[in-house]
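Student: First, the structure itself, so that you have it in front of you.
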Amino acid sequence: MRSEQQYIELYHEVSDLIKSRSCEVMNSVRDEAFETFRRMGFPTRKVERYRYTDVDAAFAPNYGISLSPLTVKPSAYIYNIENAPIDVSPYYHQIADPLDAITALNTALVHDALLVHVPKNQQVADPIVVDNWLRGTAATMMNRRILIVMEQGAEATIIMGDHAADKQQFLTTQVIEVYCHDGARLDLYETEETTPLCSRFSNVYIHAGRDCSVKHNSITLFNGQTRNLCDVYLRGEHSEVTLNGCVIGGGTQHIDNNTLIRHEVPNCASTQLYKYVVDDKAVGAFAGKILVEKDAQKTTSQETNANLCASTDARIYTQPMLEIYADDVKCAHGSTVGVMDEAALFYMRQRGIPETEARTLLKNAFMGQVIDQIKFEPLRQKLYVKVEKRFRGELDKCEDCRLCK
Amino acid sequence: MREEGKEVKNEFVRSVAEKKYEFGFTTEVHTEIIEKGLNEEVVRLISEKKGEPDWLLQFRLEAYRHWLTQAQPTWGHVHLPEIDYQAISYYADPTAKSKKGAQSAEEIDPELMKTFDKLGIPLEERLALSGTAVDAVMDSVSVKTTFKEKLSEKGIIFCSISEAVKNHPDLVRQYLGSVVPYRDNYFAALNSAVFSDGSFVYIPKNTRCPMELSTYFRINARNTGQFERTLIVCDEGSYVSYLEGCTAPMRDENQLHAAIVEIVVMDNAEVKYSTVQNWYPGDAEGKGGVLNLVTKRGDLRGVNSKLSWTQVETGSAITWKYPSCVLRGDNSVAEFYSVAVTNNHQEADTGTKMIHLGKNTRSTIISKGISAGKSQNSYRGLVRVGKQADNARNYSSCDSLLLGSQCGAHTFPYMDIHNNTATVEHEATTSKINEDQLFYCNQRGISTEEAVGLIVNGYAKDVLNKLPMEFAVEAQKLLSVSLEGTVG
């Protein structure tokens with residue numbers, strides 16, 4: 001039996017319960033999403049965008065489904081979707097790819113959703129923090145849905161963290177839909193510090209209007225199996241988007257980042273920088289595509305993926321792609337897989353720095369390039385420390401939240 | 001002012017786009033063509049016509065049965081039309097008449113001689129460029145191989161593969177299908193079942209082949225496919241440079257060309273394989289043209305072996321071709337240099353695979369794509385470093401140049417690295433011709449047309465420099481740009 005069968009059965013069992021706990025806008029697309037999922041099943045590794053992650057195996061264990069409501073601290077910008085200050089129907093499940101199996105499954109099973117709404121011309125000085133704690137006494141599946149709506153000229157920084165509070169098998173599916181209206185500026189950070197027992201499937205979809213600036217940073221410090229998908233639709237001129245990723249893998253961790261930037265209109269710019277350090281038996285995969293449509297002239301795009309493979313059993317897959325249908329563009333991508341600079345190591349050892357220390361320093365410097373890009377100072381400082389600790393092997397769990405055991 | 005410049009450039013691009021296909025004539029020669037369609041009987045008939053031994057017939061039949069279980073691949077970034085495999089004739093022999101007549105088999109129909117003369121491939125040795133031996137293949141049959149005797153003095157075998165099956169069955173049996181097994185892919189299975197002529201090259205130990213070996217492929221007959229098979233074995237310490245050229249007449253319907261090239265490189269040997277592919281690309285509306293679906297692979301079995309692929313791809317309606325290298329021997333070196341030009345409605349999905357298995361292996365990939373008109377040009381490549389392949393080194397660079405607003409240029413590189421001592425680099429850029437460079441040329445009195453020519457030629461130079469001289473000249477002509485004012 002392939003593993004989608006148990007989710008199909010699960011849906012038949014609990015769909016009424018889910019619907020009763022959910023709201024209308026979510027229920028209105030639920031059955032159709034389920035039908036899509038039932039028809040397609042989980043993608044095999046022959047599906048181009050899922051080449052590097054065995055979805056079927058990840059969903060095979062028997063998970064219980066969590067249906068507890070989201071706890072939202074009263075705040076000016078965060079809402080449960082029922083209490084939304086705006087009509088969410090033009091946003092919910094609109095930009096998300098309805099034909100992606102993970103998105104379809106999430107849409108079918110998710111019972112509650114979070115809305116971050118920043119009103120017109122509002123500049124939010126303090127970051128909006130969304131923390132996800134995975135808690136449970138048995139293997140549990142969480143389906144998380146977040147809607148981010150940035151009205152015209154709105155500005156905000158959103159920091160999302162994934163933590164595992166219990167040593168249990170957790171499976172998370174997450175769909176984030178981001179709508180940036182004209183002139184909006186958004187910095188979105190996602191950090192993951194979970195345990196080797198956790199699997200995470202995250203799909204982020206970003207719509208950018210005119211004159212927007214969107215930054216998405218995905219930082220995987222500690223995990224089990226992670227697949228992050230990020231699709232960006234540039235639909236207004238003079239917008240810029242930056243996708244950054246920092247991945248540190250050890251043990252048998254598996255990290256797969258998959259991005260697609262779709263330049264639909266002229267005069268936009270996109271930049272991607274993904275850096276991986278993989279050790280032990282970890283697997284790092286990056287597949288990024290820049291798609292420039294026919295009329296998207298004057299596009300500039302840069303995609304960089306650099307990888308450090310630190311052990312003989314670690315594996316790296318990288319696939320930077322360009323698909324270009326406009327002629328007046330400047331697009332480039334670069335990808336490297338390499339070893340540590342022997343000359344630099346030698347230089348440091350000559351000066352009395354032990355080899356392990358020298359290697360840690362080099363790894364730190366290598367990752368530094370991504371961390372440097374983080375604009376929000378306290379987070380950047382925290383990450384410098386965390387990344388260094390991670391390389392020293394001192395960070396094997398989330399250390400700054402009291403909940404994590 | 002700038003708009004004007006754009007006009008002129010577009011004009012030039014159009015003139016390139018509308019350039020007539022020079023080799024589109026047909027040859028009126030009696031050709032024996034077998035019935036259309038493909039089934040086991042046809043496979044047996046081809047084998048019988050060629051007088052093949054039983055093991056080869058069995059090889060073909062196994063391949064055919066495997067082919068039946070497969071489906072045509074769809075992953076390429078090309079729009080492969082539905083191919084009706086039953087509407088194609090799998091064997092066409094333009095030399096049949098002369099064989100039947102009183103003439104000796106050595107004598108060639110003057111029409112065929114004329115055809116190859118017209119293509120610039122004289123089959124009379126005294127007329128040929130002294131440095132090149134040619135195997136001329138039309139449709140399914142090798143017409144003539146020149147300088148065979150001279151080469152055999154050195155122990156070099158250069159003949160059509162049908163001859164090789166008769167005269168050197170052990171060698172063919174040992175190597176045929178050992179690099180590209182019939183199970184490799186859909187078109188490889190098809191080729192293995194129905195392949196007709198191609199060249200066979202064997203360079204004995206410690207021999208440097210004194211001349212360039214070359215095969216010229218010509219499709220002539222209507223509604224036929226060409227399924228050539230080339231096998232090159234370069235034994236220890238030897239060297240050979242091999243060239244391949246091809247053309248076809250202009251026809252409204254698509255013609256299928258599904259070839260296999262296998263290269264075996266032993267210890268300390270070196271093979272250089274160059275292709276100038278100029279199959280008929282179809283007309284300006286994308287009607288007709290050759291479907292070029294080719295599997296080419298080299299196996300670097302020996303230590304310190306070296307294989308270099310150089311290709312200039314200008315023709316074909318659809319190109320689906322990935323000359324690959326398996327770097328099995330320690331310290332082996334592989335290179336891939338490619339210029340692919342697409343125009344009108346042409347679609348090319350081409351690139352390479354570098355499979356690093358031995359220690360201290362090195363590979364280089366330089367790919368240059370030029371797209372114009374409404375064409376789509378893709379680079380697709382794989383670099384795989386196996387777990388045992390310590391200190392592997394790869395450098396890939398793929399650049400695309402866009403000459404028009406309706407064409408597309410795409411890059412799909414895959415890198416699978418399973419070893420921590422590997423250094424793999426990939427970089428790619430896509431852009432149009434730099435306005436500053438054009439302006440610089442214009443400022444110095446060079447017309448936009450010439451400037452575009454200069455820039456395109458300079459852009460492709462990294463690859464053209466790797467071609468043998470005679471070929472480089474042809475390739476530069478094919479790039480369809482004026483070269484005045486450049487040196488070399």
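Just so we're on the same page: first chain in the structure tokens is A, next is B, and so on; residues restart at 1 for each chain, and ligands are numbered from 1 in the order they show up.
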Where does chain B meet chain A within 8 Å, residue by residue, with the nearest atom pair and distance in Å to one decimal for each, counting only C-alpha atoms, listed by chain and rising number, as a tab-separated table?

Tutor:
```
residue	atom	partner	partner_atom	distance
B:Lys387	CA	A:Thr312	CA	7.4
B:Leu402	CA	A:Asp327	CA	5.3
B:Leu403	CA	A:Asp327	CA	6.8
B:Gly404	CA	A:Asp327	CA	5.9
B:Ser405	CA	A:Asp327	CA	4.9
B:Gln406	CA	A:Tyr325	CA	6.7
B:Cys407	CA	A:Tyr325	CA	5.8
B:Gly408	CA	A:Tyr325	CA	4.1
B:Ala409	CA	A:Ile324	CA	5.1
B:His410	CA	A:Glu323	CA	4.2
B:Thr411	CA	A:Leu322	CA	4.8
B:Phe412	CA	A:Met321	CA	4.7
B:Pro413	CA	A:Gln319	CA	5.4
B:Tyr414	CA	A:Gln319	CA	4.6
B:Met415	CA	A:Thr318	CA	5.0
B:Asp416	CA	A:Tyr317	CA	4.4
B:Ile417	CA	A:Ile316	CA	4.9
B:His418	CA	A:Arg315	CA	4.7
B:Asn419	CA	A:Thr312	CA	5.3
B:Asn420	CA	A:Cys309	CA	4.9
B:Thr421	CA	A:Val339	CA	5.9
B:Ala422	CA	A:Gly338	CA	6.0
B:Thr423	CA	A:Gly338	CA	4.3
B:Val424	CA	A:Val337	CA	4.9
B:Glu425	CA	A:Thr336	CA	4.3
B:His426	CA	A:Ser335	CA	4.9
B:Glu427	CA	A:Gly334	CA	4.0
B:Ala428	CA	A:His333	CA	5.2
B:Thr429	CA	A:Ala332	CA	4.1
B:Thr430	CA	A:Cys331	CA	5.1
B:Ser431	CA	A:Lys330	CA	4.9
B:Lys432	CA	A:Asp327	CA	5.7
```

Student: Set the distance at 9 Å and use only C-alpha atoms: which residues neighbour Thr195 (chain A) once local chain neighbours fewer than 2 positions away are removed? I'd like the list as a PyMOL selection string.

Tutor: chain A and resi 163-164+166-169+193+197-199+222-224+396-398

Student: I'd like to know which of A:Asn106, A:Ser75, A:Thr194, A:Asn258 is closest to Val29 (chain A), using only C-alpha atoms.

Tutor: A:Asn106

Student: Taking the backbone alone, and naming residues the way the document does, which bits of region 72-270 of chain B are strand (DSSP E) by DSSP, as an NGL selection string?

Tutor: :B and (92-93 or 132-138 or 141-145 or 157-160 or 199-203 or 212-218 or 229-234 or 239-247 or 254-257 or 260-265 or 270)

Student: Quick one: residues within 12 Å of Glu377 (chain A), only C-alpha atoms, excluding same-chain residues fewer than 5 positions away - as a list in words?

Tutor: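 Near Glu377 (chain A), the qualifying residues are Asp126, Pro127, Thr157, Ile371, Asp372, Lys382, Leu383 and Tyr384 of chain A.
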
Student: So which residues touch region 341-350 of chain A within 9 Å, counting only C-alpha atoms, skipping near sequence neighbours fewer than 6 positions away, as an MDAnalysis selection string?

Tutor: chainID A and resid 358:359 362

Student: Hey, what's within 12 Å of Asp170 (chain B) if we count only C-alpha atoms and toss same-chain stuff fewer than 4 positions away? As a PyMOL selection string, please?

Tutor: chain B and resi 53+55-56+164-166+174-176

Student: Might you pull out every residue within 12 Å of Ser338 (chain B), with only C-alpha atoms counted and same-chain residues fewer than 4 positions away left off, and present them as a VMD selection string?

Tutor: chain B and resid 273 to 277 308 to 314 321 to 323 350 to 352 364 to 370 378 to 381 396 to 400 459 to 467 475

Student: Limited to C-alpha atoms, could you put the picked residues into a file as a CSV table (one decimal), in the first residue's frame?

Tutor:
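What follows is the written file result.csv:
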```
chain,number,residue,atom,x,y,z
B,273,TYR,CA,35.6,13.5,-31.5
B,274,SER,CA,34.3,16.5,-33.4
B,275,THR,CA,30.8,17.0,-34.9
B,276,VAL,CA,29.5,19.6,-37.2
B,277,GLN,CA,25.8,18.9,-37.3
B,308,SER,CA,37.2,15.3,-25.9
B,309,TRP,CA,33.8,16.0,-27.5
B,310,THR,CA,33.5,19.1,-29.6
B,311,GLN,CA,30.2,19.8,-31.2
B,312,VAL,CA,28.8,22.6,-33.4
B,313,GLU,CA,25.1,22.1,-33.6
B,314,THR,CA,23.4,24.3,-36.2
B,321,LYS,CA,21.7,14.8,-27.7
B,322,TYR,CA,24.0,14.4,-24.7
B,323,PRO,CA,27.5,13.2,-25.6
B,350,THR,CA,21.7,19.3,-25.6
B,351,GLY,CA,24.5,19.0,-23.1
B,352,THR,CA,26.6,16.3,-21.5
B,364,THR,CA,35.5,20.4,-18.3
B,365,ILE,CA,32.3,21.5,-19.9
B,366,ILE,CA,32.1,24.6,-22.0
B,367,SER,CA,28.7,25.2,-23.6
B,368,LYS,CA,27.7,28.1,-25.7
B,369,GLY,CA,24.1,28.5,-26.8
B,370,ILE,CA,22.9,31.0,-29.4
B,378,SER,CA,18.5,24.3,-23.7
B,379,TYR,CA,21.6,23.1,-22.0
B,380,ARG,CA,21.0,20.0,-19.8
B,381,GLY,CA,23.9,18.4,-18.1
B,396,SER,CA,31.3,23.8,-16.2
B,397,SER,CA,30.4,27.0,-17.9
B,398,CYS,CA,27.3,27.5,-19.9
B,399,ASP,CA,26.6,30.8,-21.6
B,400,SER,CA,23.6,31.7,-23.7
B,459,TYR,CA,31.7,34.3,-28.1
B,460,ALA,CA,32.0,30.9,-29.7
B,461,LYS,CA,35.7,31.0,-30.1
B,462,ASP,CA,36.5,28.9,-27.0
B,463,VAL,CA,34.8,26.0,-28.7
B,464,LEU,CA,35.7,26.7,-32.3
B,465,ASN,CA,39.4,26.7,-31.4
B,466,LYS,CA,39.0,23.1,-30.3
B,467,LEU,CA,37.9,21.9,-33.8
B,475,ALA,CA,31.8,25.8,-38.5
```

Student: Show which residues sit within 7 Å of Leu357 (chain B), as a PyMOL selection string. Count only C-alpha atoms, and ignore same-chain residues fewer than 3 positions away.

Tutor: chain B and resi 327-328+385-386+388-389

Student: Any chance you can output those residues with N, CA and C atoms as a short mmCIF file (atom, residue, chain, number, x, y, z; two decimals), in the first residue's frame?

Tutor:
```
data_model
loop_
_atom_site.label_atom_id
_atom_site.label_comp_id
_atom_site.auth_asym_id
_atom_site.auth_seq_id
_atom_site.Cartn_x
_atom_site.Cartn_y
_atom_site.Cartn_z
N LEU B 327 34.06 8.46 -16.61
CA LEU B 327 35.48 8.53 -16.26
C LEU B 327 35.79 7.42 -15.27
N ARG B 328 36.05 6.23 -15.84
CA ARG B 328 36.23 5.05 -15.03
C ARG B 328 37.69 4.90 -14.59
N VAL B 385 29.67 12.70 -9.17
CA VAL B 385 30.93 12.24 -8.60
C VAL B 385 30.61 11.08 -7.67
N GLY B 386 31.09 9.92 -8.02
CA GLY B 386 30.81 8.71 -7.25
C GLY B 386 31.56 8.71 -5.93
N GLN B 388 33.68 6.68 -4.71
CA GLN B 388 35.10 6.31 -4.74
C GLN B 388 35.96 7.31 -5.52
N ALA B 389 35.32 8.27 -6.15
CA ALA B 389 36.05 9.15 -7.07
C ALA B 389 36.73 10.28 -6.31
#
```

Student: Just give me the gap between CA of Val130 (chain A) and CA of Tyr79 (chain A) in Å, one decimal is fine.

Tutor: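 Separation between CA of Val130 (chain A) and CA of Tyr79 (chain A): 11.3 Å.
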
Student: Using only C-alpha atoms, which residue out of A:His254, A:Arg185, A:Arg38, A:Arg227 lies closest to Gln122 (chain A)?

Tutor: A:Arg185

Student: Interatomic distance between CA of His93 (chain A) and CA of Arg30 (chain A)?

Tutor: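 Computed distance, CA of His93 (chain A) to CA of Arg30 (chain A), equals 9.8 Å.
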
Student: Could you work out how far CA of Ile8 (chain A) lies from CA of Phe34 (chain A), giving the answer in Å with one decimal?

Tutor: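 So the answer is 8.1 Å.
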
Student: Find the residue from B:Asn223, B:Glu62, B:Leu151, B:Arg229 that sits nearest to Lys36 (chain B); use only C-alpha atoms when measuring.

Tutor: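 Closest to Lys36 (chain B), using only C-alpha atoms: B:Asn223.
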